[in-house]
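Engineer: File follows, my_file_37.cif with mmCIF, C-alpha atoms:
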```
data_coords
loop_
_atom_site.label_atom_id
_atom_site.label_comp_id
_atom_site.auth_asym_id
_atom_site.auth_seq_id
_atom_site.Cartn_x
_atom_site.Cartn_y
_atom_site.Cartn_z
CA GLY I 563 96.22 135.40 14.22
CA GLU I 564 99.81 136.55 14.30
CA ASN I 565 102.49 134.34 15.83
CA VAL I 566 105.95 135.66 16.67
CA GLU I 567 108.86 133.39 17.49
CA GLN I 568 111.98 134.83 19.12
CA HIS I 569 115.43 133.30 19.56
CA PRO I 570 117.52 132.82 21.55
CA SER I 571 115.74 132.83 24.89
CA THR I 572 118.98 133.71 26.67
CA LEU I 573 122.13 135.36 25.35
CA SER I 574 125.34 135.96 27.22
CA VAL I 575 128.13 138.09 25.75
CA GLN I 576 131.27 139.85 26.85
CA GLU I 577 131.33 143.61 27.02
CA GLY I 578 132.25 145.02 23.63
CA ASP I 579 130.93 142.05 21.68
CA SER I 580 127.92 142.18 19.39
CA ALA I 581 124.54 140.63 20.20
CA VAL I 582 121.97 139.45 17.68
CA ILE I 583 118.38 138.48 18.42
CA LYS I 584 116.14 137.02 15.74
CA CYS I 585 112.38 136.89 15.28
CA THR I 586 110.02 135.38 12.77
CA TYR I 587 106.39 136.25 12.21
CA SER I 588 103.54 134.48 10.49
CA ASP I 589 101.10 137.13 9.28
CA SER I 590 102.19 138.78 6.03
CA ALA I 591 99.82 141.67 6.82
CA SER I 592 102.06 142.80 9.69
CA ASN I 593 103.74 146.04 8.71
CA TYR I 594 105.29 147.40 11.88
CA PHE I 595 108.05 145.75 13.90
CA PRO I 596 109.18 147.36 17.17
CA TRP I 597 111.79 146.16 19.62
CA TYR I 598 111.41 146.75 23.34
CA LYS I 599 113.86 146.60 26.23
CA GLN I 600 112.44 145.71 29.62
CA GLU I 601 114.31 145.86 32.88
CA LEU I 602 113.05 143.88 35.85
CA GLY I 603 109.74 145.20 37.15
CA LYS I 604 109.66 148.09 34.72
CA ARG I 605 107.80 149.09 31.61
CA PRO I 606 108.90 147.96 28.16
CA GLN I 607 110.82 150.75 26.45
CA LEU I 608 110.86 151.14 22.70
CA ILE I 609 114.44 151.06 21.48
CA ILE I 610 113.97 150.88 17.73
CA ASP I 611 111.27 150.08 15.23
CA ILE I 612 110.99 149.41 11.52
CA ARG I 613 108.18 149.48 9.01
CA SER I 614 107.63 147.01 6.23
CA ASN I 615 108.69 149.43 3.50
CA VAL I 616 112.22 149.60 4.93
CA GLY I 617 114.82 146.84 5.02
CA GLU I 618 117.20 148.22 7.61
CA LYS I 619 117.33 150.94 10.23
CA LYS I 620 120.16 152.02 12.49
CA ASP I 621 120.37 154.17 15.59
CA GLN I 622 123.87 154.44 17.03
CA ARG I 623 124.78 150.97 18.39
CA ILE I 624 121.40 149.45 17.57
CA ALA I 625 120.21 148.25 14.18
CA VAL I 626 117.24 146.28 12.94
CA THR I 627 116.93 144.39 9.68
CA LEU I 628 113.74 143.11 8.07
CA ASN I 629 113.27 140.43 5.45
CA LYS I 630 109.63 140.56 4.40
CA THR I 631 109.92 137.63 2.03
CA ALA I 632 111.21 135.33 4.72
CA LYS I 633 109.11 137.01 7.41
CA HIS I 634 111.96 137.53 9.80
CA PHE I 635 113.61 140.49 11.46
CA SER I 636 116.62 140.86 13.68
CA LEU I 637 118.04 143.18 16.31
CA HIS I 638 121.76 143.89 16.30
CA ILE I 639 123.53 145.55 19.21
CA THR I 640 127.18 146.41 18.70
CA GLU I 641 129.79 147.28 21.32
CA THR I 642 127.59 145.93 24.08
CA GLN I 643 127.79 147.43 27.55
CA PRO I 644 126.72 146.01 30.93
CA GLU I 645 123.80 148.44 31.00
CA ASP I 646 122.44 146.73 27.89
CA SER I 647 121.60 143.75 30.11
CA ALA I 648 117.82 143.34 30.14
CA VAL I 649 115.01 141.37 28.51
CA TYR I 650 114.42 142.26 24.87
CA PHE I 651 111.12 141.67 23.11
CA CYS I 652 110.38 141.82 19.43
CA ALA I 653 106.84 142.42 18.24
CA ALA I 654 104.88 142.43 15.01
CA SER I 655 101.80 144.49 14.29
CA TRP I 656 99.30 145.59 11.71
CA GLY I 657 97.02 147.01 14.38
CA LYS I 658 97.72 145.27 17.67
CA LEU I 659 101.11 144.08 18.87
CA THR I 660 102.02 140.43 19.15
CA PHE I 661 105.15 139.93 21.21
CA GLY I 662 107.88 137.35 20.96
CA GLN I 663 108.80 135.29 23.98
CA GLY I 664 111.69 137.54 24.99
CA THR I 665 115.47 137.23 25.17
CA ILE I 666 117.39 137.66 28.40
CA LEU I 667 120.58 139.46 27.42
CA THR I 668 123.46 139.46 29.88
CA VAL I 669 126.56 141.53 29.13
CA HIS I 670 129.52 140.56 31.29
CA PRO I 671 132.06 143.27 32.16
CA GLY N 509 107.79 162.55 24.53
CA ALA N 510 104.58 160.61 24.89
CA VAL N 511 103.90 159.72 28.50
CA VAL N 512 101.48 157.15 29.82
CA SER N 513 100.67 157.20 33.50
CA GLN N 514 99.36 154.04 35.18
CA HIS N 515 98.05 153.79 38.74
CA PRO N 516 98.35 152.21 41.16
CA SER N 517 101.81 150.73 40.77
CA ARG N 518 101.24 148.04 43.36
CA VAL N 519 98.14 146.47 44.87
CA ILE N 520 97.94 143.81 47.55
CA CYS N 521 94.46 142.74 48.54
CA LYS N 522 92.33 139.88 49.74
CA SER N 523 90.66 137.35 47.51
CA GLY N 524 87.24 138.51 46.34
CA THR N 525 88.18 142.17 46.14
CA SER N 526 87.67 144.15 42.96
CA VAL N 527 90.65 146.19 41.82
CA LYS N 528 90.60 149.18 39.47
CA ILE N 529 93.64 150.21 37.45
CA GLU N 530 93.85 153.52 35.60
CA CYS N 531 95.79 154.30 32.46
CA ARG N 532 96.17 157.90 31.31
CA SER N 533 97.87 159.44 28.31
CA LEU N 534 99.32 162.68 29.66
CA ASP N 535 100.37 164.64 26.61
CA PHE N 536 98.50 163.08 23.75
CA GLN N 537 95.08 161.75 22.90
CA ALA N 538 94.63 158.02 22.55
CA THR N 539 91.70 156.63 20.63
CA THR N 540 93.01 153.17 21.38
CA MET N 541 94.59 151.78 24.51
CA PHE N 542 95.75 148.24 25.14
CA TRP N 543 95.83 146.12 28.27
CA TYR N 544 98.45 143.42 28.73
CA ARG N 545 99.19 140.87 31.41
CA GLN N 546 102.68 139.60 32.09
CA PHE N 547 103.45 136.63 34.32
CA PRO N 548 106.96 136.27 35.80
CA LYS N 549 109.62 135.53 33.21
CA GLN N 550 107.06 135.52 30.42
CA SER N 551 106.12 137.77 27.56
CA LEU N 552 103.38 140.36 27.40
CA MET N 553 100.02 138.89 26.49
CA LEU N 554 97.38 141.18 25.08
CA MET N 555 94.16 140.96 27.06
CA ALA N 556 92.01 143.52 25.33
CA THR N 557 91.93 146.56 23.11
CA SER N 558 90.15 149.55 24.58
CA ASN N 559 88.43 151.91 22.17
CA GLU N 560 87.22 155.34 23.23
CA GLY N 561 83.47 155.53 23.26
CA SER N 562 82.85 151.90 22.37
CA LYS N 563 83.12 148.43 23.81
CA ALA N 564 86.50 146.85 24.33
CA THR N 565 87.65 144.00 22.15
CA TYR N 566 88.82 141.04 24.20
CA GLU N 567 91.35 138.43 23.15
CA GLN N 568 90.37 134.80 23.06
CA GLY N 569 90.27 133.27 26.50
CA VAL N 570 89.94 136.57 28.39
CA GLU N 571 86.69 136.86 30.33
CA LYS N 572 85.07 140.21 29.66
CA ASP N 573 82.93 139.96 32.79
CA LYS N 574 86.04 139.34 34.86
CA PHE N 575 88.13 142.13 33.36
CA LEU N 576 85.95 145.17 32.87
CA ILE N 577 87.33 147.88 30.63
CA ASN N 578 86.06 151.41 30.31
CA HIS N 579 87.52 153.99 27.94
CA ALA N 580 85.41 157.02 28.67
CA SER N 581 87.70 159.70 27.27
CA LEU N 582 90.58 160.14 24.85
CA THR N 583 93.06 160.14 27.73
CA LEU N 584 91.74 157.58 30.19
CA SER N 585 91.08 153.85 30.17
CA THR N 586 90.39 151.76 33.24
CA LEU N 587 90.67 148.03 33.88
CA THR N 588 88.71 146.55 36.76
CA VAL N 589 89.59 143.06 37.90
CA THR N 590 86.37 141.89 39.50
CA SER N 591 86.33 139.46 42.42
CA ALA N 592 90.06 138.90 42.11
CA HIS N 593 91.55 135.55 43.10
CA PRO N 594 95.17 134.46 43.62
CA GLU N 595 95.43 133.25 40.02
CA ASP N 596 94.77 136.83 38.88
CA SER N 597 98.02 137.93 40.51
CA SER N 598 100.20 139.31 37.75
CA PHE N 599 101.82 142.40 36.27
CA TYR N 600 99.24 144.40 34.31
CA ILE N 601 100.51 146.96 31.80
CA CYS N 602 98.60 149.38 29.64
CA SER N 603 99.75 151.10 26.50
CA ALA N 604 98.39 153.86 24.34
CA ARG N 605 98.86 154.97 20.79
CA ASP N 606 98.86 158.63 19.78
CA ARG N 607 95.89 159.07 17.47
CA GLU N 608 97.78 161.75 15.56
CA ARG N 609 100.35 159.14 14.54
CA GLY N 610 97.98 156.53 13.26
CA ARG N 611 99.34 153.01 13.74
CA GLY N 612 102.56 154.27 15.28
CA PRO N 613 104.42 153.06 18.36
CA GLN N 614 102.64 152.13 21.54
CA HIS N 615 103.72 153.91 24.70
CA PHE N 616 103.59 151.86 27.87
CA GLY N 617 102.62 152.72 31.41
CA ASP N 618 104.77 151.65 34.36
CA GLY N 619 102.57 148.67 35.08
CA THR N 620 100.60 147.53 38.11
CA ARG N 621 101.75 144.59 40.17
CA LEU N 622 98.67 142.90 41.52
CA SER N 623 99.00 140.43 44.38
CA ILE N 624 95.89 138.65 45.61
CA LEU N 625 96.21 136.92 48.96
#
```
Taking this structure as input, can you express it in the form of structure tokens?
Structural biologist:
Amino acid sequence: GENVEQHPSTLSVQEGDSAVIKCTYSDSASNYFPWYKQELGKRPQLIIDIRSNVGEKKDQRIAVTLNKTAKHFSLHITETQPEDSAVYFCAASWGKLTFGQGTILTVHP
Amino acid sequence: GAVVSQHPSRVICKSGTSVKIECRSLDFQATTMFWYRQFPKQSLMLMATSNEGSKATYEQGVEKDKFLINHASLTLSTLTVTSAHPEDSSFYICSARDRERGRGPQHFGDGTRLSIL
């Protein structure tokens, strides 16, 4: 089955800095890669997603890049704000989602 | 946008009790719903895939007789934790995919925090 590795497990940045979270996947059949933000005790919220026929996607301060050959994808958050602090999960899917282990992002004011 | 409603949000009960959790898609039809379990400070682990009108598909290591899933309509799936024990305490989250969007994004419910005493 699919295996998704996510790094780093924790990330601490100063407000205004950029944050990058990286994931690798194992199953070349995976064709859909969403990123979720989860605040404590709440549901995961989709923040951006990318399909395998696209290499990069951007939505305001958030961007995702995908390298199908290397089987890795990354989340980039620019101009971070304290409210960006949360746990971020990557996932890979061709039918069902397999999640990475999560990254605890802390943005210090 | 697509809304998934999950109830109850919190359950505290004695060991041996069976607990039923509902997951509803409010503004779309979901042929497929998913049930996840999340332990503290861990990732979401898929337990089973619920298919409308057919048997659920369980992930390896998940006991189908322990976690009963019923997906009787295009908007409702239920998970029943039978004879729950303290080790079943966890955060259970469902998700649903809009059948009009094929293999598009999954929309998550608010989750159910289950505590077995």
Engineer: Any idea what's packed within 10 Å of Ser580 (chain I), counting all atoms listed in the file, ignoring anything in its chain fewer than 5 positions away? Could you give it as a list in words?
Structural biologist: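 Residues meeting the cut-off are Val575, Arg623, Ile624, His638, Ile639, Thr640, Glu641, Thr642, Gln643 and Val669 of chain I.
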Engineer: Selection in question (the file shown): the PyMOL selection byres ((chain N) within 8 of (chain I)). Which residues does it include, as a ChimeraX atom specification?
Structural biologist: /N:550-554,601,611,613,615-619
Engineer: One number please: CA of Asn578 (chain N) to CA of Tyr598 (chain I), in Å, one decimal.
Structural biologist: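 Here the two named atoms are 26.7 Å from each other.
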Engineer: Give me, please, the distance in Å between CA of Ser513 (chain N) and CA of Ser533 (chain N), quoted to one decimal.
Structural biologist: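 Separation of CA of Ser513 (chain N) and CA of Ser533 (chain N): 6.3 Å.
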Engineer: Pull out every residue that the PyMOL selection byres ((chain I and resi 629) around 10) matches in the shown coordinates and put them as a tab-separated table (two decimals) with C-alpha atoms, keeping the file's coordinate frame.
Structural biologist:
```tsv
chain	number	residue	atom	x	y	z
I	586	THR	CA	110.02	135.38	12.77
I	614	SER	CA	107.63	147.01	6.23
I	616	VAL	CA	112.22	149.60	4.93
I	617	GLY	CA	114.82	146.84	5.02
I	618	GLU	CA	117.20	148.22	7.61
I	627	THR	CA	116.93	144.39	9.68
I	628	LEU	CA	113.74	143.11	8.07
I	630	LYS	CA	109.63	140.56	4.40
I	631	THR	CA	109.92	137.63	2.03
I	632	ALA	CA	111.21	135.33	4.72
I	633	LYS	CA	109.11	137.01	7.41
I	634	HIS	CA	111.96	137.53	9.80
I	635	PHE	CA	113.61	140.49	11.46
I	636	SER	CA	116.62	140.86	13.68
```
Engineer: Extract, using all atoms listed in the file, all DNA, RNA and protein residues at most 8 Å from Glu564 (chain I), discarding same-chain residues fewer than 5 positions from it, and format them as a PyMOL selection string.
Structural biologist: chain I and resi 587-589+654+660
Engineer: Using the chain letters and numbers from this file, what does the PyMOL selection byres ((chain N and resi 559) around 10) select? Give the answer as a compact mmCIF listing (two decimals) with C-alpha atoms, keeping the file's coordinate frame.
Structural biologist:
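File produced: out-v1.txt:
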```
# COMPACT_ATOMS: atom_id res chain seq x y z
CA ALA N 538 94.63 158.02 22.55
CA THR N 539 91.70 156.63 20.63
CA THR N 540 93.01 153.17 21.38
CA MET N 541 94.59 151.78 24.51
CA PHE N 542 95.75 148.24 25.14
CA ALA N 556 92.01 143.52 25.33
CA THR N 557 91.93 146.56 23.11
CA SER N 558 90.15 149.55 24.58
CA GLU N 560 87.22 155.34 23.23
CA GLY N 561 83.47 155.53 23.26
CA SER N 562 82.85 151.90 22.37
CA LYS N 563 83.12 148.43 23.81
CA ALA N 564 86.50 146.85 24.33
CA THR N 565 87.65 144.00 22.15
CA ILE N 577 87.33 147.88 30.63
CA ASN N 578 86.06 151.41 30.31
CA HIS N 579 87.52 153.99 27.94
CA ALA N 580 85.41 157.02 28.67
CA SER N 581 87.70 159.70 27.27
CA LEU N 582 90.58 160.14 24.85
CA SER N 585 91.08 153.85 30.17
```
Engineer: For each of N:Ser597, N:Gln614, N:Gln568, N:Thr590, take the minimum atom-to-atom distance to Arg518 (chain N), counting only C-alpha atoms, then give the residue where this is smallest.
Structural biologist: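 Smallest distance to Arg518 (chain N) is found for N:Ser597.
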Engineer: I want to know what sits within 10 Å of Gly509 (chain N), based on all atoms listed in the file, with residues of the same chain fewer than 5 positions away left out; could you give that as a PyMOL selection string?
Structural biologist: chain N and resi 534-536+615
Engineer: Taking all atoms listed in the file into account, which of I:Glu645, I:Ser592, I:Lys584, I:Cys652 comes nearest Ile609 (chain I)?
Structural biologist: I:Cys652
Engineer: Please measure the separation of CA of Ser517 (chain N) and CA of Pro594 (chain N), giving the value in Å to one decimal.
Structural biologist: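 Distance reported for this atom pair: 17.8 Å.
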